[in-house]
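Peer 1: Just one file: upload-v9.cif, with mmCIF, C-alpha atoms and all ligand atoms.
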```cif
data_work
#
loop_
_atom_site.label_atom_id
_atom_site.label_comp_id
_atom_site.auth_asym_id
_atom_site.auth_seq_id
_atom_site.Cartn_x
_atom_site.Cartn_y
_atom_site.Cartn_z
CA MET S 1 45.38 14.98 62.87
CA ILE S 2 46.47 18.58 62.42
CA ASP S 3 49.76 19.16 60.58
CA CYS S 4 52.26 16.38 60.10
CA GLY S 5 55.86 17.40 60.73
CA GLU S 6 58.91 15.26 60.19
CA GLY S 7 58.90 13.35 63.47
CA THR S 8 55.21 12.50 63.46
CA GLN S 9 55.46 8.74 62.94
CA LEU S 10 58.05 8.29 65.67
CA ARG S 11 55.95 10.27 68.11
CA LEU S 12 52.78 8.40 67.24
CA GLY S 13 54.69 5.19 68.03
CA LYS S 14 56.16 6.57 71.22
CA TYR S 15 52.76 7.69 72.54
CA LYS S 16 50.95 4.60 71.27
CA VAL S 17 48.55 6.37 68.93
CA LYS S 18 47.26 3.87 66.38
CA ILE S 19 48.09 5.08 62.88
CA ASN S 20 45.07 3.40 61.39
CA ARG S 21 42.72 5.47 63.54
CA ILE S 22 43.73 8.57 61.60
CA ASP S 23 41.27 9.25 58.77
CA HIS S 24 41.50 13.03 58.36
CA ILE S 25 44.67 15.11 58.16
CA PHE S 26 44.43 18.91 58.21
CA LEU S 27 47.50 20.74 56.89
CA SER S 28 47.82 24.44 57.62
CA HIS S 29 50.50 25.24 55.02
CA LEU S 30 53.41 23.90 53.04
CA HIS S 31 56.39 24.89 55.14
CA GLY S 32 58.27 21.66 55.76
CA ASP S 33 57.90 21.65 59.54
CA HIS S 34 54.16 21.22 59.00
CA TYR S 35 54.01 18.42 56.44
CA PHE S 36 57.35 16.64 55.85
CA GLY S 37 56.03 13.66 57.80
CA LEU S 38 53.09 13.06 55.51
CA ILE S 39 54.60 10.84 52.81
CA GLY S 40 56.25 8.66 55.45
CA LEU S 41 53.02 8.30 57.37
CA MET S 42 51.09 7.43 54.19
CA SER S 43 53.72 4.85 53.22
CA THR S 44 53.42 3.21 56.63
CA MET S 45 49.64 3.13 56.34
CA HIS S 46 50.13 1.38 52.98
CA LEU S 47 52.59 -1.16 54.42
CA PHE S 48 50.20 -1.87 57.29
CA GLY S 49 47.59 -2.85 54.69
CA ARG S 50 45.23 0.07 55.10
CA THR S 51 42.23 -0.08 52.77
CA LYS S 52 39.94 2.65 54.12
CA PRO S 53 40.23 6.06 52.48
CA LEU S 54 42.35 8.87 53.83
CA TYR S 55 41.16 12.50 53.68
CA ILE S 56 43.70 15.29 53.36
CA TYR S 57 42.82 18.99 53.71
CA GLY S 58 45.42 21.51 52.60
CA PRO S 59 46.77 23.80 49.85
CA THR S 60 46.47 22.47 46.26
CA PRO S 61 50.15 21.64 45.65
CA ILE S 62 50.06 18.96 48.35
CA LYS S 63 48.49 16.53 45.87
CA GLU S 64 51.20 17.16 43.30
CA ILE S 65 53.91 16.72 45.95
CA ILE S 66 52.49 13.42 47.19
CA ASP S 67 51.70 12.11 43.70
CA LEU S 68 55.25 12.80 42.53
CA GLN S 69 56.78 10.96 45.46
CA LEU S 70 54.50 7.98 44.92
CA LYS S 71 55.17 7.99 41.18
CA HIS S 72 58.94 7.86 41.47
CA SER S 73 58.88 5.16 44.09
CA GLN S 74 56.42 3.24 41.89
CA THR S 75 54.07 2.94 44.82
CA GLU S 76 50.41 2.37 44.26
CA LEU S 77 48.60 2.86 47.54
CA ASN S 78 46.10 0.21 48.68
CA PHE S 79 43.75 2.95 49.79
CA ASP S 80 42.12 5.99 48.20
CA VAL S 81 43.28 9.47 49.10
CA HIS S 82 40.70 12.24 48.91
CA TYR S 83 41.95 15.79 48.85
CA PHE S 84 40.07 18.89 49.91
CA PHE S 85 41.89 22.03 48.84
CA THR S 86 41.83 24.97 51.20
CA ASP S 87 42.93 27.63 48.74
CA GLN S 88 40.04 30.07 48.79
CA THR S 89 40.83 32.78 51.28
CA GLU S 90 37.42 33.02 52.94
CA SER S 91 36.34 30.92 55.87
CA GLU S 92 34.29 27.83 55.07
CA ILE S 93 33.20 24.49 56.43
CA ILE S 94 35.56 21.77 55.17
CA PHE S 95 34.32 18.81 57.20
CA GLU S 96 31.09 17.89 58.90
CA ASN S 97 29.70 14.73 60.43
CA ARG S 98 27.02 13.94 63.00
CA ASP S 99 29.03 15.33 65.91
CA LEU S 100 31.54 17.78 64.55
CA ILE S 101 32.09 20.74 62.23
CA VAL S 102 35.52 21.86 61.02
CA LYS S 103 35.99 25.30 59.50
CA LYS S 104 39.13 26.70 57.98
CA PHE S 105 40.04 30.37 58.03
CA PRO S 106 42.86 32.55 56.67
CA LEU S 107 45.99 33.25 58.71
CA ASN S 108 48.63 35.87 57.91
CA HIS S 109 51.87 34.09 57.11
CA ARG S 110 54.69 34.37 54.56
CA ILE S 111 53.02 31.75 52.36
CA PHE S 112 49.36 30.76 52.12
CA CYS S 113 48.29 29.37 55.48
CA THR S 114 45.00 28.45 57.12
CA GLY S 115 43.82 27.93 60.66
CA PHE S 116 41.16 25.42 61.69
CA ARG S 117 38.27 25.59 64.11
CA PHE S 118 36.78 22.35 65.45
CA GLU S 119 33.38 22.61 66.99
CA GLU S 120 31.10 19.98 68.44
CA LYS S 121 27.49 20.25 67.33
CA PRO S 122 24.84 20.90 69.98
CA LYS S 123 24.32 17.69 71.92
CA ASN S 124 21.04 15.97 72.65
CA PRO S 125 19.45 16.21 76.07
CA LYS S 126 20.08 13.19 78.27
CA ILE S 127 17.16 11.03 79.34
CA ASN S 128 16.48 11.30 83.06
CA LYS S 129 15.73 7.62 83.74
CA GLU S 130 14.27 8.31 87.18
CA LYS S 131 11.55 10.51 85.71
CA ILE S 132 10.49 8.35 82.74
CA PRO S 133 7.02 6.75 83.28
CA GLN S 134 6.90 2.92 83.18
CA ASP S 135 4.88 2.56 79.98
CA PHE S 136 6.81 5.20 78.07
CA SER S 137 7.24 4.25 74.38
CA LEU S 138 10.51 4.04 72.48
CA SER S 139 9.31 6.59 69.93
CA ASN S 140 8.70 9.05 72.76
CA ILE S 141 12.22 8.44 74.04
CA HIS S 142 13.51 9.36 70.58
CA LYS S 143 11.44 12.54 70.66
CA LEU S 144 12.92 13.49 74.01
CA LYS S 145 16.41 12.92 72.72
CA LYS S 146 15.70 15.30 69.86
CA GLY S 147 14.59 17.92 72.34
CA GLU S 148 10.86 17.64 71.57
CA ASP S 149 7.95 17.81 74.03
CA ILE S 150 5.54 14.87 74.38
CA TYR S 151 1.89 15.16 73.31
CA ASP S 152 -0.97 12.63 73.39
CA GLU S 153 -2.87 11.66 70.25
CA ALA S 154 -5.35 14.48 70.71
CA GLY S 155 -2.48 16.96 70.75
CA ASN S 156 -2.52 17.73 74.47
CA LEU S 157 0.80 18.38 76.13
CA LEU S 158 1.78 15.47 78.39
CA PHE S 159 5.34 16.33 79.32
CA ARG S 160 7.61 19.18 78.55
CA ASN S 161 11.03 17.99 77.42
CA GLU S 162 12.90 19.37 80.40
CA GLU S 163 10.62 17.50 82.83
CA LEU S 164 12.03 14.17 81.66
CA THR S 165 15.55 15.05 80.58
CA LEU S 166 18.78 16.40 81.96
CA PRO S 167 20.58 19.24 80.19
CA PRO S 168 22.91 18.13 77.38
CA LYS S 169 26.66 18.16 77.82
CA ARG S 170 28.24 21.31 76.50
CA SER S 171 29.68 21.48 72.99
CA ARG S 172 33.41 21.97 72.99
CA SER S 173 35.51 24.00 70.58
CA TYR S 174 39.15 24.19 69.65
CA ALA S 175 40.92 26.55 67.26
CA TYR S 176 44.35 25.99 65.79
CA CYS S 177 46.36 28.96 64.56
CA SER S 178 49.61 27.63 63.22
CA ASP S 179 52.10 30.02 61.68
CA THR S 180 50.83 33.58 61.61
CA LYS S 181 51.77 37.11 62.50
CA TYR S 182 49.57 39.06 64.89
CA ASP S 183 46.41 39.87 62.96
CA GLU S 184 43.16 40.89 64.62
CA SER S 185 41.12 39.97 61.56
CA ILE S 186 41.55 36.37 62.73
CA LEU S 187 39.59 37.09 65.93
CA ALA S 188 36.26 36.64 64.17
CA TYR S 189 37.05 32.97 63.55
CA ILE S 190 38.36 32.00 66.94
CA SER S 191 35.97 33.82 69.24
CA LYS S 192 35.06 32.14 72.52
CA VAL S 193 36.78 28.84 71.87
CA ASP S 194 37.42 26.61 74.86
CA LEU S 195 40.99 26.03 73.79
CA LEU S 196 43.05 28.15 71.43
CA TYR S 197 46.34 26.92 70.07
CA HIS S 198 48.36 29.88 68.83
CA GLU S 199 51.95 29.89 67.71
CA ALA S 200 54.41 31.78 69.88
CA THR S 201 57.65 31.50 67.98
CA PHE S 202 59.39 34.35 69.76
CA ALA S 203 59.47 36.30 73.01
CA ASN S 204 59.40 40.09 73.15
CA ASP S 205 63.16 40.39 72.54
CA MET S 206 62.55 39.26 68.95
CA LYS S 207 59.41 41.24 68.23
CA GLU S 208 60.80 42.75 65.04
CA ARG S 209 61.94 39.39 63.80
CA ALA S 210 58.45 38.03 64.48
CA GLU S 211 57.02 40.80 62.33
CA SER S 212 59.44 40.28 59.43
CA THR S 213 59.10 36.48 59.40
CA PHE S 214 55.28 36.53 59.77
CA HIS S 215 55.35 34.88 63.17
CA SER S 216 54.02 35.90 66.59
CA THR S 217 55.45 36.59 70.01
CA ALA S 218 54.05 34.95 73.14
CA GLU S 219 52.55 38.26 74.17
CA GLN S 220 50.78 38.63 70.84
CA ALA S 221 49.39 35.09 71.10
CA ALA S 222 48.11 35.93 74.58
CA ARG S 223 46.54 39.15 73.31
CA MET S 224 44.70 37.16 70.65
CA ALA S 225 43.40 34.75 73.30
CA LEU S 226 42.28 37.65 75.48
CA LYS S 227 40.52 39.52 72.68
CA ALA S 228 38.91 36.33 71.35
CA LYS S 229 37.62 35.56 74.89
CA ALA S 230 39.14 32.09 74.71
CA GLU S 231 39.05 29.96 77.86
CA LYS S 232 42.59 28.64 77.58
CA LEU S 233 45.62 29.27 75.42
CA LEU S 234 48.13 26.71 74.25
CA LEU S 235 51.45 28.09 73.04
CA GLY S 236 53.76 26.32 70.61
CA HIS S 237 56.17 26.48 67.65
CA TYR S 238 58.98 27.93 69.76
CA SER S 239 62.14 29.13 68.08
CA VAL S 240 65.14 26.91 68.89
CA ARG S 241 66.89 29.96 70.28
CA TYR S 242 64.85 29.58 73.49
CA ARG S 243 66.41 26.72 75.44
CA GLU S 244 64.25 27.61 78.42
CA LEU S 245 60.65 28.42 77.66
CA ASP S 246 59.88 30.21 80.95
CA ILE S 247 60.20 33.57 79.23
CA ILE S 248 57.59 32.56 76.62
CA LEU S 249 55.16 31.40 79.29
CA GLU S 250 55.77 34.39 81.54
CA GLU S 251 55.20 36.94 78.81
CA ALA S 252 51.99 35.20 77.75
CA ARG S 253 50.64 34.86 81.32
CA HIS S 254 51.31 38.52 81.95
CA ILE S 255 48.55 39.22 79.39
CA PHE S 256 46.42 36.07 79.65
CA SER S 257 46.72 33.99 82.81
CA GLU S 258 45.26 30.79 81.36
CA SER S 259 48.25 30.27 79.07
CA PHE S 260 50.09 26.96 78.85
CA LEU S 261 53.09 25.60 76.99
CA ALA S 262 52.37 22.82 74.51
CA MET S 263 55.13 20.28 75.12
CA GLU S 264 55.71 16.94 73.48
CA GLY S 265 53.56 14.22 74.99
CA ASN S 266 51.26 16.54 76.93
CA ILE S 267 47.54 15.95 76.82
CA PHE S 268 45.11 18.83 77.30
CA GLU S 269 41.53 17.79 77.91
CA ILE S 270 38.56 20.06 77.38
CA GLU S 271 35.78 19.37 79.86
CA GLU S 272 32.33 18.66 78.52
ZN ZN S 301 55.44 28.51 58.29
ZN ZN S 302 56.23 26.47 61.07
#
```
Could you write out this file's structure as C-alpha cells?

Peer 2:
Amino acid sequence: MIDCGEGTQLRLGKYKVKINRIDHIFLSHLHGDHYFGLIGLMSTMHLFGRTKPLYIYGPTPIKEIIDLQLKHSQTELNFDVHYFFTDQTESEIIFENRDLIVKKFPLNHRIFCTGFRFEEKPKNPKINKEKIPQDFSLSNIHKLKKGEDIYDEAGNLLFRNEELTLPPKRSRSYAYCSDTKYDESILAYISKVDLLYHEATFANDMKERAESTFHSTAEQAARMALKAKAEKLLLGHYSVRYRELDIILEEARHIFSESFLAMEGNIFEIEE
C-alpha cells in the first residue's frame, strides 16, 4: 500500500480489500493526508489477530509517532513492525523480492518527501509445450526457464533457448510522485514508466499558489509525464476548490493525451 490517509480503512472495507493481505506500507511524507490512517489500520490488524510482521517505509519520525500512540493506549501489538527509514536524499532500493524492486527517490515538497518506483524484474521465458521433445528432462526445462540454451553431455548445442520457448511477458513499472512541485530533476527516476501517478493539486489558474505551496498543476504533471516518456499519467490530490475536475483533465490532456483522473474506486490495470 502506498500512503495511508484518514479514510483508508473505510475504503478498504468498501472495496473489499482484505486488510491482512497488506504487508508493506510505503509512506511518502508526514503531512496528515498521507498517513493519518496508519494507526487505525494497525489497530484493526491487531484486533483481527494478525501475527505476521508489517513493514513500514517512511521518514524516521513515523516510528516515534506510532510508538507514542501505542504507548498511551497501552497497546502491545500481536505482530512485529519493521521500519525502513527513507531519510537519505539519494535514490535507493528499499524493497526487493523475487519479482519486484521498489526504489525511493527525492521529491520537492515543503517537508521531506519521497516518491516510489515499482518495477517488475525481467520475467522468465515461457516454455512452448508444443515444441518440447517427448523425452525432455526436468533439469532441461529449468534451464530453459532461466533463459539458457540446451547442450548434450559432450557440449554440443542441441537447442537454442528461443527454439523451445515463447518470449517472456513484459516487466511492468509504476512510479508514484505524491506531493511535489514541478522539478525536472525527478525525471531521472521516473523515465519510461508504464504508469506515472503525479499529483495535480491545482489547475493553471492557481499556478502561483502551486509554486508557493510546493504542489503541481495538472499541466506540470502532464509535462513531467511527457518528458519522462511515460505511457500513461494518473492525476490526483486535487484541491477541494475544484468541484468539477474537467479543467484538471483538460489542461493535462492538452500536453499529454494519455492522462486520466484517479478517482475513488477506479482500477487501472497495466498490461503485461
Ligand atoms: Zn504534503
Ligand atoms: Zn498531500

Peer 1: Any idea what's packed within 12 Å of Ile190 of chain S, counting all atoms listed in the file, ignoring anything in its chain fewer than 2 positions away? Could you give it as number ranges by chain?

Peer 2: S: 91, 103-107, 115-119, 173-177, 183-188, 192-198, 224-233

Peer 1: Take atom CA of Glu64 of chain S and atom CA of Tyr83 of chain S and report the distance between them in Å, one decimal.

Peer 2: 10.9 Å

Peer 1: Set out as CSV a contact list for chain S and ligand ZN 301 (chain S) with a cut-off of 8 Å, giving each residue of chain S that qualifies its closest atom pair and distance in Å to one decimal, counting all atoms listed in the file, ordered by chain and rising residue number.

Peer 2:
```
residue,atom,partner,partner_atom,distance
S:His29,CA,S:ZN301,ZN,6.8
S:Leu30,CA,S:ZN301,ZN,7.3
S:His31,CA,S:ZN301,ZN,4.9
S:Gly32,CA,S:ZN301,ZN,7.8
S:Asp33,CA,S:ZN301,ZN,7.4
S:His34,CA,S:ZN301,ZN,7.4
S:His109,CA,S:ZN301,ZN,6.7
S:Arg110,CA,S:ZN301,ZN,7.0
S:Ile111,CA,S:ZN301,ZN,7.2
S:Cys113,CA,S:ZN301,ZN,7.7
S:Ser178,CA,S:ZN301,ZN,7.7
S:Asp179,CA,S:ZN301,ZN,5.0
S:Thr180,CA,S:ZN301,ZN,7.6
```

Peer 1: One decimal, in Å: what's the spacing between atom CA of Ile62 of chain S and atom CA of Leu47 of chain S?

Peer 2: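 The value is 21.2 Å.
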
Peer 1: Counting all atoms listed in the file, which residue out of S:Tyr151, S:Tyr55, S:Tyr238, S:Tyr15 sits closest to ligand ZN 302 (chain S)?

Peer 2: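 So, comparing all the options, the nearest one is S:Tyr238.
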
Peer 1: Go through S:Thr86, S:Ser191, S:Gln69, S:Ser43 one by one, measure the shortest atom-to-atom distance of each to Gln9 of chain S using only C-alpha atoms, and give the residue with the smallest value.

Peer 2: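 With only C-alpha atoms as the atom set, the closest residue is S:Ser43.
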
Peer 1: Atom CA of Glu211 of chain S and atom CA of Asp246 of chain S, how far apart in Å?

Peer 2: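 If I compute the distance from atom CA of Asp246 of chain S to atom CA of Glu211 of chain S, I get 21.6 Å.
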
Peer 1: Which polymer residues have any atom within 8 Å of an atom of Pro168 of chain S, counting all atoms listed in the file, with same-chain residues fewer than 4 positions away left out, as an MDAnalysis selection string?

Peer 2: chainID S and resid 123:126

Peer 1: For ligand ZN 302 (chain S), which of S:Gln134, S:Asn161, S:Asn20, S:Ser28 is the closest residue, counting only C-alpha atoms and all ligand atoms?

Peer 2: S:Ser28

Peer 1: Would you mind telling me which residue in S:Thr114, S:Asn156, S:Thr44, S:Thr201 lies nearest to Thr8 of chain S when using all atoms listed in the file?

Peer 2: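 Looking at the shortest contact to Thr8 of chain S, the residue is S:Thr44.
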
Peer 1: Taking (53.2, 16.1, 60.0) as a centre in this file's frame and 7 Å as the limit, can you find every polymer residue with an atom that close, using only C-alpha atoms, and give them as a ChimeraX atom specification?

Peer 2: /S:3-6,8,34-38

Peer 1: From the set S:Thr89, S:Thr60, S:Thr75, S:Ser257, which residue has the shortest atom-to-atom contact distance to Met42 of chain S, counting all atoms listed in the file?

Peer 2: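 Of the candidates, the smallest distance to Met42 of chain S is held by S:Thr75.
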
Peer 1: For Asp67 of chain S, which of S:Ile39, S:Leu12, S:Leu261, S:Lys52 is the closest residue, counting only C-alpha atoms?

Peer 2: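 Smallest distance to Asp67 of chain S is found for S:Ile39.
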
Peer 1: Residues near Lys207 of chain S, anyone? I mean within 10 Å using all atoms listed in the file, not counting same-chain ones fewer than 4 positions away, as a compact mmCIF listing (two decimals) with C-alpha atoms, in the frame of the given file.

Peer 2:
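So the final result, stored in part-v3.txt, reads:
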```
# COMPACT_ATOMS: atom_id res chain seq x y z
CA THR S 201 57.65 31.50 67.98
CA PHE S 202 59.39 34.35 69.76
CA ALA S 203 59.47 36.30 73.01
CA GLU S 211 57.02 40.80 62.33
CA SER S 212 59.44 40.28 59.43
CA HIS S 215 55.35 34.88 63.17
CA SER S 216 54.02 35.90 66.59
CA THR S 217 55.45 36.59 70.01
CA ALA S 218 54.05 34.95 73.14
CA GLU S 219 52.55 38.26 74.17
CA GLN S 220 50.78 38.63 70.84
```

Peer 1: How big is the axis-aligned box around the listed atoms of segment 76-88 of chain S once 4 Å is added on each side, and where is its centre? Give both in Å to one decimal, as lines of an AutoDock Vina configuration file.

Peer 2:
```
center_x = 45.2
center_y = 15.1
center_z = 47.7
size_x = 18.4
size_y = 37.9
size_z = 14.9
```
